[in-house]
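Shown here: entry_31.tsv, TSV, C-alpha atoms.
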```tsv
chain	number	residue	atom	x	y	z
A	50	MET	CA	24.12	-20.39	-14.77
A	51	GLY	CA	21.74	-21.19	-11.91
A	52	PHE	CA	19.20	-18.57	-12.89
A	53	LEU	CA	18.15	-20.73	-15.86
A	54	SER	CA	16.56	-23.23	-13.47
A	55	MET	CA	14.67	-20.60	-11.45
A	56	ARG	CA	11.27	-21.71	-10.21
A	57	LEU	CA	8.44	-19.80	-8.61
A	58	PRO	CA	8.66	-20.02	-4.80
A	59	ALA	CA	5.93	-21.68	-2.77
A	60	PRO	CA	3.62	-19.12	-1.14
A	61	PRO	CA	3.01	-19.21	2.61
A	62	SER	CA	-0.01	-21.12	3.84
A	63	LEU	CA	-3.15	-19.44	5.12
A	64	ASP	CA	-2.26	-20.71	8.60
A	65	GLU	CA	1.13	-19.01	8.37
A	66	ILE	CA	-0.46	-15.76	7.27
A	67	GLN	CA	-2.97	-15.98	10.11
A	68	ALA	CA	-0.13	-16.50	12.59
A	69	HIS	CA	1.35	-13.16	11.46
A	70	THR	CA	-1.99	-11.33	11.75
A	71	PRO	CA	-2.48	-9.81	15.22
A	72	ARG	CA	-5.84	-9.48	16.91
A	73	ILE	CA	-7.34	-6.01	17.33
A	74	ALA	CA	-9.16	-5.77	20.65
A	75	PRO	CA	-12.41	-3.79	20.86
A	76	LEU	CA	-12.52	-0.62	22.92
A	77	ALA	CA	-14.01	-0.48	26.40
A	78	GLU	CA	-17.60	0.71	26.46
A	79	ALA	CA	-16.67	3.72	28.59
A	80	VAL	CA	-14.33	5.17	25.96
A	81	GLU	CA	-15.62	8.33	24.31
A	82	ARG	CA	-15.86	7.74	20.56
A	83	PRO	CA	-15.48	10.47	17.93
A	84	PHE	CA	-16.66	9.73	14.42
A	85	TRP	CA	-13.12	9.89	12.94
A	86	SER	CA	-9.69	8.73	14.00
A	87	VAL	CA	-7.05	10.19	11.70
A	88	MET	CA	-3.94	8.18	12.51
A	89	ILE	CA	-0.68	9.30	10.90
A	90	PRO	CA	2.23	6.81	10.91
A	91	THR	CA	5.61	8.41	10.20
A	92	TYR	CA	9.26	7.43	10.06
A	93	ASN	CA	12.17	9.78	9.24
A	94	ASN	CA	9.71	11.96	7.38
A	95	ASP	CA	9.61	15.43	8.96
A	96	GLU	CA	9.59	17.39	5.70
A	97	TYR	CA	6.51	15.62	4.36
A	98	LEU	CA	4.87	15.27	7.78
A	99	ARG	CA	4.41	19.04	7.91
A	100	ARG	CA	2.41	18.93	4.68
A	101	THR	CA	0.39	15.92	5.83
A	102	LEU	CA	-0.57	17.56	9.11
A	103	ALA	CA	-1.42	20.84	7.44
A	104	SER	CA	-3.77	19.07	5.03
A	105	VAL	CA	-5.61	17.38	7.90
A	106	LEU	CA	-5.74	20.37	10.25
A	107	SER	CA	-7.31	22.47	7.49
A	108	GLN	CA	-10.30	20.09	7.77
A	109	ASP	CA	-10.28	19.67	11.56
A	110	LEU	CA	-13.79	18.89	12.83
A	111	GLY	CA	-12.85	19.39	16.48
A	112	PRO	CA	-11.86	16.83	19.16
A	113	GLU	CA	-15.44	15.67	19.72
A	114	ARG	CA	-15.68	14.61	16.07
A	115	MET	CA	-12.10	13.82	15.12
A	116	GLN	CA	-9.11	12.25	16.85
A	117	ILE	CA	-5.80	13.25	15.22
A	118	GLU	CA	-2.64	11.45	16.28
A	119	VAL	CA	0.86	10.95	14.87
A	120	VAL	CA	2.53	7.58	15.58
A	121	ASP	CA	6.30	7.72	15.07
A	122	GLY	CA	7.95	4.38	14.27
A	123	CYS	CA	11.08	5.30	16.29
A	124	SER	CA	12.61	7.67	13.75
A	125	THR	CA	16.39	7.91	13.67
A	126	ARG	CA	16.58	11.44	12.30
A	127	GLY	CA	14.59	14.61	12.54
A	128	ASP	CA	12.18	15.54	15.34
A	129	SER	CA	8.62	14.58	14.51
A	130	ALA	CA	7.49	15.45	18.04
A	131	ALA	CA	8.61	19.04	17.46
A	132	VAL	CA	6.77	19.13	14.13
A	133	VAL	CA	3.57	17.96	15.84
A	134	GLU	CA	3.97	20.48	18.64
A	135	GLN	CA	4.63	23.34	16.24
A	136	LEU	CA	1.78	22.62	13.81
A	137	GLY	CA	-0.66	20.88	16.12
A	138	LYS	CA	-0.47	23.42	18.97
A	139	GLY	CA	-1.84	20.85	21.39
A	140	ARG	CA	-4.58	19.63	19.03
A	141	VAL	CA	-2.59	16.65	17.64
A	142	ALA	CA	-1.53	13.79	19.92
A	143	PHE	CA	1.89	12.20	19.52
A	144	HIS	CA	3.09	8.66	20.28
A	145	ARG	CA	6.60	7.36	19.67
A	146	LEU	CA	7.28	3.63	19.47
A	147	PRO	CA	10.25	2.35	21.55
A	148	ALA	CA	11.67	0.48	18.53
A	149	ASN	CA	11.04	0.18	14.82
A	150	ARG	CA	9.48	-3.17	13.98
A	151	GLY	CA	8.43	-2.40	10.44
A	152	PRO	CA	5.50	-0.53	8.88
A	153	SER	CA	2.88	-3.21	9.56
A	154	HIS	CA	3.56	-3.02	13.29
A	155	THR	CA	3.24	0.77	13.20
A	156	PHE	CA	-0.07	0.53	11.33
A	157	ASN	CA	-1.38	-1.89	13.94
A	158	ILE	CA	-0.42	0.47	16.76
A	159	CYS	CA	-2.36	3.16	14.89
A	160	ILE	CA	-5.47	0.97	14.92
A	161	GLU	CA	-5.02	-0.01	18.57
A	162	ARG	CA	-4.71	3.63	19.62
A	163	SER	CA	-7.68	4.77	17.50
A	164	ARG	CA	-10.93	5.64	19.27
A	165	GLY	CA	-13.11	6.69	16.37
A	166	HIS	CA	-15.86	4.69	14.77
A	167	TRP	CA	-14.08	5.20	11.43
A	168	VAL	CA	-10.30	5.05	11.05
A	169	HIS	CA	-8.22	6.81	8.42
A	170	ILE	CA	-4.57	5.73	8.34
A	171	LEU	CA	-2.78	8.52	6.48
A	172	HIS	CA	0.93	8.01	5.85
A	173	GLY	CA	3.15	10.86	6.99
A	174	ASP	CA	4.14	11.67	3.41
A	175	ASP	CA	0.66	11.64	1.84
A	176	VAL	CA	-2.00	14.37	1.92
A	177	VAL	CA	-5.75	14.87	1.88
A	178	PHE	CA	-7.45	17.48	-0.28
A	179	PRO	CA	-10.22	19.85	0.86
A	180	GLY	CA	-13.53	18.11	1.46
A	181	PHE	CA	-12.04	14.64	2.16
A	182	TYR	CA	-13.82	13.90	5.44
A	183	GLU	CA	-17.08	15.56	4.40
A	184	ALA	CA	-17.26	13.53	1.18
A	185	TYR	CA	-16.37	10.23	2.85
A	186	GLU	CA	-18.87	10.75	5.65
A	187	ALA	CA	-21.59	11.46	3.11
A	188	VAL	CA	-20.94	8.10	1.41
A	189	ILE	CA	-20.80	6.33	4.78
A	190	ARG	CA	-24.17	7.71	5.81
A	191	ALA	CA	-25.71	6.93	2.42
A	192	HIS	CA	-24.57	3.27	2.53
A	193	GLY	CA	-24.94	2.06	6.09
A	194	ALA	CA	-23.80	-1.52	5.45
A	195	VAL	CA	-20.32	-0.68	4.18
A	196	ARG	CA	-17.26	-1.32	6.33
A	197	MET	CA	-14.76	0.31	3.97
A	198	VAL	CA	-14.94	3.38	1.72
A	199	LEU	CA	-12.24	4.28	-0.79
A	200	GLY	CA	-11.46	6.45	-3.77
A	201	GLN	CA	-8.91	7.25	-6.40
A	202	VAL	CA	-5.68	9.07	-5.53
A	203	VAL	CA	-3.68	11.77	-7.27
A	204	LEU	CA	-0.04	10.72	-7.72
A	205	ILE	CA	2.21	13.51	-6.42
A	206	ASP	CA	5.99	13.92	-6.34
A	207	GLU	CA	8.41	15.45	-3.82
A	208	ASP	CA	7.27	18.95	-4.80
A	209	ASP	CA	3.53	18.19	-4.71
A	210	ARG	CA	3.29	18.21	-8.51
A	211	TRP	CA	0.48	16.07	-9.89
A	212	HIS	CA	1.45	13.18	-12.19
A	213	GLY	CA	-1.82	11.36	-12.79
A	214	LEU	CA	-4.55	9.31	-11.15
A	215	SER	CA	-4.50	5.83	-9.66
A	216	GLY	CA	-7.29	3.61	-8.46
A	217	VAL	CA	-10.56	2.03	-9.50
A	218	MET	CA	-13.00	4.20	-11.43
A	219	PRO	CA	-15.90	5.11	-9.11
A	220	PRO	CA	-19.55	4.88	-10.14
A	221	GLN	CA	-21.04	8.18	-11.21
A	222	GLY	CA	-21.76	10.21	-8.10
A	223	GLY	CA	-20.04	7.62	-5.90
A	224	GLY	CA	-21.55	4.52	-4.33
A	225	ILE	CA	-21.15	0.74	-4.18
A	226	LEU	CA	-18.37	-0.79	-6.30
A	227	SER	CA	-19.49	-3.93	-8.13
A	228	ASP	CA	-17.20	-6.98	-8.20
A	229	PHE	CA	-14.64	-5.22	-5.99
A	230	LEU	CA	-13.67	-8.36	-4.05
A	231	GLU	CA	-13.03	-10.47	-7.15
A	232	ARG	CA	-10.98	-7.71	-8.78
A	233	GLU	CA	-9.04	-6.91	-5.58
A	234	ALA	CA	-8.04	-10.57	-5.35
A	235	GLU	CA	-5.85	-10.14	-8.43
A	236	GLN	CA	-4.64	-6.54	-8.27
A	237	GLN	CA	-4.48	-3.66	-5.84
A	238	LEU	CA	-7.25	-1.23	-6.75
A	239	THR	CA	-6.59	1.61	-4.31
A	240	GLN	CA	-3.92	3.21	-2.12
A	241	PHE	CA	-3.65	3.81	1.62
A	242	PRO	CA	-4.55	7.55	1.83
A	243	ALA	CA	-7.83	7.00	-0.03
A	244	VAL	CA	-9.16	4.27	2.31
A	245	VAL	CA	-11.17	4.55	5.51
A	246	ALA	CA	-12.57	1.61	7.48
A	247	ARG	CA	-14.74	1.03	10.51
A	248	ARG	CA	-12.74	0.21	13.59
A	249	ASP	CA	-14.94	-2.79	14.32
A	250	ALA	CA	-14.08	-4.12	10.85
A	251	TYR	CA	-10.42	-4.22	11.91
A	252	GLU	CA	-11.55	-5.96	15.09
A	253	THR	CA	-13.20	-8.62	12.93
A	254	VAL	CA	-10.42	-9.29	10.38
A	255	GLY	CA	-7.40	-8.56	12.58
A	256	GLY	CA	-4.52	-6.19	12.04
A	257	TYR	CA	-2.05	-5.74	9.20
A	258	CYS	CA	-0.18	-8.95	8.47
A	259	THR	CA	3.46	-8.65	9.55
A	260	PHE	CA	4.55	-11.32	7.05
A	261	PHE	CA	4.37	-8.73	4.27
A	262	ASN	CA	6.38	-5.58	3.66
A	263	HIS	CA	5.09	-4.39	0.29
A	264	VAL	CA	1.50	-5.66	-0.05
A	265	THR	CA	0.38	-5.32	3.56
A	266	ASP	CA	-2.27	-2.75	2.56
A	267	TRP	CA	-3.52	-4.81	-0.40
A	268	ASP	CA	-3.88	-7.84	1.87
A	269	MET	CA	-5.85	-5.79	4.38
A	270	PHE	CA	-8.16	-4.23	1.79
A	271	PHE	CA	-9.02	-7.68	0.44
A	272	ARG	CA	-9.84	-8.97	3.91
A	273	LEU	CA	-11.99	-5.93	4.67
A	274	ALA	CA	-13.81	-6.38	1.36
A	275	GLN	CA	-14.72	-9.92	2.40
A	276	LEU	CA	-16.98	-8.44	5.10
A	277	GLY	CA	-19.45	-6.92	2.65
A	278	PRO	CA	-19.98	-4.24	0.00
A	279	VAL	CA	-17.33	-1.58	-0.60
A	280	ALA	CA	-18.22	1.99	-1.54
A	281	SER	CA	-16.33	4.79	-3.30
A	282	VAL	CA	-16.38	8.56	-3.16
A	283	PRO	CA	-17.11	10.20	-6.54
A	284	ARG	CA	-13.68	11.78	-7.14
A	285	PRO	CA	-10.11	11.79	-5.76
A	286	TYR	CA	-9.68	13.41	-2.36
A	287	ALA	CA	-6.15	12.24	-1.48
A	288	GLY	CA	-2.60	12.60	-2.76
A	289	TYR	CA	-0.31	9.56	-2.82
A	290	ARG	CA	3.34	10.58	-2.82
A	291	VAL	CA	5.83	8.73	-5.02
A	292	HIS	CA	9.46	9.64	-4.33
A	293	GLY	CA	12.89	8.08	-4.56
A	294	ALA	CA	13.29	7.52	-0.83
A	295	SER	CA	10.02	5.65	-0.45
A	296	GLU	CA	9.79	2.05	0.64
A	297	THR	CA	8.08	1.29	-2.67
A	298	SER	CA	11.19	2.35	-4.60
A	299	ARG	CA	13.42	0.04	-2.57
A	300	VAL	CA	11.22	-3.03	-2.90
A	301	VAL	CA	10.97	-2.58	-6.67
A	302	VAL	CA	14.76	-2.64	-7.03
A	303	SER	CA	15.00	-5.79	-4.92
A	304	GLY	CA	12.12	-7.52	-6.73
A	305	LEU	CA	10.26	-7.92	-3.43
A	306	ASN	CA	7.25	-6.21	-4.97
A	307	MET	CA	6.81	-9.05	-7.49
A	308	ARG	CA	7.51	-11.76	-4.92
A	309	GLU	CA	4.84	-10.47	-2.55
A	310	THR	CA	2.43	-9.73	-5.39
A	311	TYR	CA	2.72	-13.33	-6.56
A	312	PHE	CA	2.31	-14.64	-3.03
A	313	LEU	CA	-0.77	-12.53	-2.29
A	314	VAL	CA	-2.53	-13.38	-5.55
A	315	ARG	CA	-2.06	-17.06	-4.75
A	316	ILE	CA	-3.23	-16.53	-1.15
A	317	ASN	CA	-6.31	-14.53	-2.18
A	318	GLU	CA	-7.30	-17.16	-4.71
A	319	GLY	CA	-6.95	-19.76	-1.96
A	320	ARG	CA	-9.24	-17.69	0.24
A	321	MET	CA	-11.76	-17.74	-2.61
A	322	ASN	CA	-11.24	-21.46	-3.26
A	323	ALA	CA	-9.77	-20.95	-6.74
A	324	SER	CA	-6.93	-23.04	-8.13
A	325	ASP	CA	-3.47	-22.22	-9.41
A	326	ARG	CA	-4.53	-23.69	-12.76
A	327	ALA	CA	-7.42	-21.21	-12.89
A	328	LEU	CA	-4.98	-18.36	-12.33
A	329	ALA	CA	-2.89	-19.43	-15.30
A	330	ARG	CA	-5.96	-19.96	-17.47
A	331	ARG	CA	-7.17	-16.42	-16.80
A	332	GLY	CA	-3.80	-14.99	-17.75
A	333	ILE	CA	-2.99	-13.50	-14.34
A	334	TYR	CA	0.61	-14.74	-14.39
A	335	SER	CA	1.03	-13.33	-17.89
A	336	ARG	CA	-0.13	-9.89	-16.75
A	337	MET	CA	2.19	-9.95	-13.76
A	338	ALA	CA	5.08	-10.99	-16.01
A	339	GLU	CA	4.35	-8.12	-18.38
A	340	THR	CA	4.40	-5.69	-15.44
A	341	ALA	CA	7.76	-7.03	-14.29
A	342	GLU	CA	9.22	-6.80	-17.80
A	343	VAL	CA	8.07	-3.20	-18.26
A	344	THR	CA	9.51	-2.33	-14.86
A	345	ALA	CA	12.83	-3.96	-15.80
A	346	TRP	CA	13.17	-1.64	-18.79
A	347	GLU	CA	12.16	1.39	-16.74
A	348	LEU	CA	14.91	0.59	-14.22
A	349	ASP	CA	17.38	0.02	-17.06
A	350	GLY	CA	16.62	3.54	-18.26
A	351	LYS	CA	17.62	4.78	-14.81
A	352	ASN	CA	20.82	2.69	-14.96
A	353	CYS	CA	19.56	0.58	-12.06
A	354	LEU	CA	21.08	-2.73	-13.16
A	355	GLU	CA	20.23	-4.64	-10.01
A	356	GLY	CA	16.59	-3.65	-10.36
A	357	ARG	CA	16.55	-4.54	-14.06
A	358	TYR	CA	17.86	-8.03	-13.31
A	359	ASN	CA	15.49	-8.70	-10.40
A	360	GLN	CA	12.42	-7.61	-12.39
A	361	ALA	CA	13.55	-9.51	-15.51
A	362	ARG	CA	14.04	-12.61	-13.36
A	363	TRP	CA	10.45	-12.41	-12.13
A	364	ALA	CA	9.13	-11.83	-15.65
A	365	TRP	CA	10.89	-15.05	-16.73
A	366	MET	CA	9.66	-17.08	-13.75
A	367	LEU	CA	6.06	-15.96	-14.14
A	368	GLU	CA	5.87	-16.58	-17.89
A	369	PRO	CA	8.99	-18.08	-19.53
A	370	THR	CA	9.51	-17.02	-23.14
A	371	ILE	CA	12.57	-16.87	-25.37
A	372	ARG	CA	12.49	-13.07	-25.30
A	373	ARG	CA	12.42	-13.04	-21.51
A	374	LEU	CA	15.18	-15.65	-21.34
A	375	ILE	CA	17.39	-13.34	-23.39
A	376	LEU	CA	16.36	-10.40	-21.21
A	377	VAL	CA	17.17	-12.14	-17.93
A	378	VAL	CA	20.55	-13.47	-19.16
A	379	LYS	CA	21.67	-10.07	-20.45
A	380	SER	CA	20.30	-8.37	-17.35
A	381	TRP	CA	22.35	-10.73	-15.20
A	382	LEU	CA	25.47	-10.00	-17.24
A	383	LYS	CA	24.97	-6.25	-17.00
A	384	HIS	CA	24.32	-6.46	-13.29
A	385	LYS	CA	27.34	-8.66	-12.53
A	386	LEU	CA	29.87	-7.19	-14.95
A	387	GLY	CA	28.78	-3.57	-15.10
A	388	SER	CA	27.71	-1.29	-17.89
A	389	LYS	CA	31.17	-0.31	-19.17
A	390	GLY	CA	33.10	-1.68	-22.09
A	391	PHE	CA	31.69	-4.56	-24.12
A	392	PHE	CA	28.74	-5.17	-21.83
A	393	GLY	CA	27.81	-1.52	-21.98
A	394	ALA	CA	26.71	-2.22	-25.53
A	395	LEU	CA	23.85	-4.33	-24.20
A	396	SER	CA	21.42	-1.47	-24.53
A	397	ARG	CA	17.63	-1.40	-24.60
A	398	GLN	CA	17.77	-2.85	-28.12
A	399	THR	CA	19.22	-6.05	-26.66
```
Represent the structure contained in this file as structure tokens.
Amino acid sequence: MGFLSMRLPAPPSLDEIQAHTPRIAPLAEAVERPFWSVMIPTYNNDEYLRRTLASVLSQDLGPERMQIEVVDGCSTRGDSAAVVEQLGKGRVAFHRLPANRGPSHTFNICIERSRGHWVHILHGDDVVFPGFYEAYEAVIRAHGAVRMVLGQVVLIDEDDRWHGLSGVMPPQGGGILSDFLEREAEQQLTQFPAVVARRDAYETVGGYCTFFNHVTDWDMFFRLAQLGPVASVPRPYAGYRVHGASETSRVVVSGLNMRETYFLVRINEGRMNASDRALARRGIYSRMAETAEVTAWELDGKNCLEGRYNQARWAWMLEPTIRRLILVVKSWLKHKLGSKGFFGALSRQT
């Protein structure tokens, strides 16, 4: 039973991560610069793209103040260009990539094509609520030194129903977040639709790292936070969509979410000159293991046996205990032999 000898994998080096981080070139001085660039990456997402575009266009500040552009990652179904033409009526630009090279590449094209002083990358299945750009601009103007402004998000489902809040609690009335960098090193504190950043900040830190698939935004937010103070708007102004077809759902089943989380925590601590021993002493591995174990049971409840096993395996590797050893063995049996007959009796009580 080879899984009993599982060991945590070695994270990539900082040099390897840097090799996967493209440079973002500054714009030519002659380029006309609006305040905002709202860049919308999309892939096979026409149904949600309509809602995303509608939420932005309802707050359109005009072309002198706001660039709006959809970047299609070479979708294989639907017609995002037609959606843009129908809703945008010439106001929204459209760019289609010749091939799909993953989300990080698409995000980097969004930055490269942006012309605004401030860039908002808004996924083609997320939305902004009324007042988003007004509220963020107010915080930007009140705190001139910040290079990134963020907020909480409302978790929404396929039907736009609200399911809760996610993100770091803002200071009353909004403003500078204390200890954001140290906290962001260990856990992701915000989500893509709630983050805006100066374009020249991207020029300083580079683009989204193509080594990652799941934590590419977390990695970027940490690097941006290294440039200086981070500010928050006072309340949520964005909706983050969670649905079964999302990339997040797939990486949870495969366990890639825990692999990349572990890697990035180790990398961020290295960037801050902290040791692996310090991570263990502060209980970071224990908290990650608890997250993986909870996720394993959630996937079991959905009869996702592959996901249960992969999450249980990470819980065991991060913090081996007898309970987790039993969990990973039984998860492996259920995954390999199925949930019928004798092994179907291995329920949540086991």
Quick one: residues within 9 Å of A:His154, all atoms listed in the file, excluding same-chain residues fewer than 2 positions away - as a PDB file with C-alpha atoms, in the frame of the given file?
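Saved to part26.pdb:
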```pdb
ATOM      1  CA  GLY A 122       7.950   4.380  14.270  1.00  0.00           C
ATOM      2  CA  ASN A 149      11.040   0.180  14.820  1.00  0.00           C
ATOM      3  CA  ARG A 150       9.480  -3.170  13.980  1.00  0.00           C
ATOM      4  CA  GLY A 151       8.430  -2.400  10.440  1.00  0.00           C
ATOM      5  CA  PRO A 152       5.500  -0.530   8.880  1.00  0.00           C
ATOM      6  CA  PHE A 156      -0.070   0.530  11.330  1.00  0.00           C
ATOM      7  CA  ASN A 157      -1.380  -1.890  13.940  1.00  0.00           C
ATOM      8  CA  ILE A 158      -0.420   0.470  16.760  1.00  0.00           C
ATOM      9  CA  CYS A 159      -2.360   3.160  14.890  1.00  0.00           C
ATOM     10  CA  GLY A 256      -4.520  -6.190  12.040  1.00  0.00           C
ATOM     11  CA  TYR A 257      -2.050  -5.740   9.200  1.00  0.00           C
ATOM     12  CA  CYS A 258      -0.180  -8.950   8.470  1.00  0.00           C
ATOM     13  CA  THR A 259       3.460  -8.650   9.550  1.00  0.00           C
TER      14      THR A 259
END
```
| said: So, with all atoms listed in the file as the atoms that count, which of A:Trp211, A:Phe261, A:Trp346, A:Tyr286 lies closest to A:Val177? | reply: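 Between A:Trp211, A:Phe261, A:Trp346, A:Tyr286, the residue approaching A:Val177 most closely is A:Tyr286.
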Select from stretch 60-131 of chain A every residue with an atom at most 9 Å from any atom of stretch 297-318 of chain A, then for each give the shortest pair of atoms and their distance in Å to one decimal, using only C-alpha atoms, rows by chain and rising number, as JSON lines.
```
{"residue": "A:Pro60", "atom": "CA", "partner": "A:Phe312", "partner_atom": "CA", "distance": 5.0}
{"residue": "A:Pro61", "atom": "CA", "partner": "A:Phe312", "partner_atom": "CA", "distance": 7.3}
{"residue": "A:Ser62", "atom": "CA", "partner": "A:Ile316", "partner_atom": "CA", "distance": 7.5}
{"residue": "A:Leu63", "atom": "CA", "partner": "A:Ile316", "partner_atom": "CA", "distance": 6.9}
{"residue": "A:Ile66", "atom": "CA", "partner": "A:Ile316", "partner_atom": "CA", "distance": 8.9}
```
| task | May I have the residues within 12 Å of A:Leu76 as a PyMOL selection string, using only C-alpha atoms and disregarding those fewer than 5 positions away in the same chain? | result | chain A and resi 81-82+160-166+248-249+251-252
| request: Tell me, in Å to one decimal, how far atom CA of A:Arg372 is from atom CA of A:Glu342. | output: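 That distance, rounded to one decimal, is 10.3 Å.
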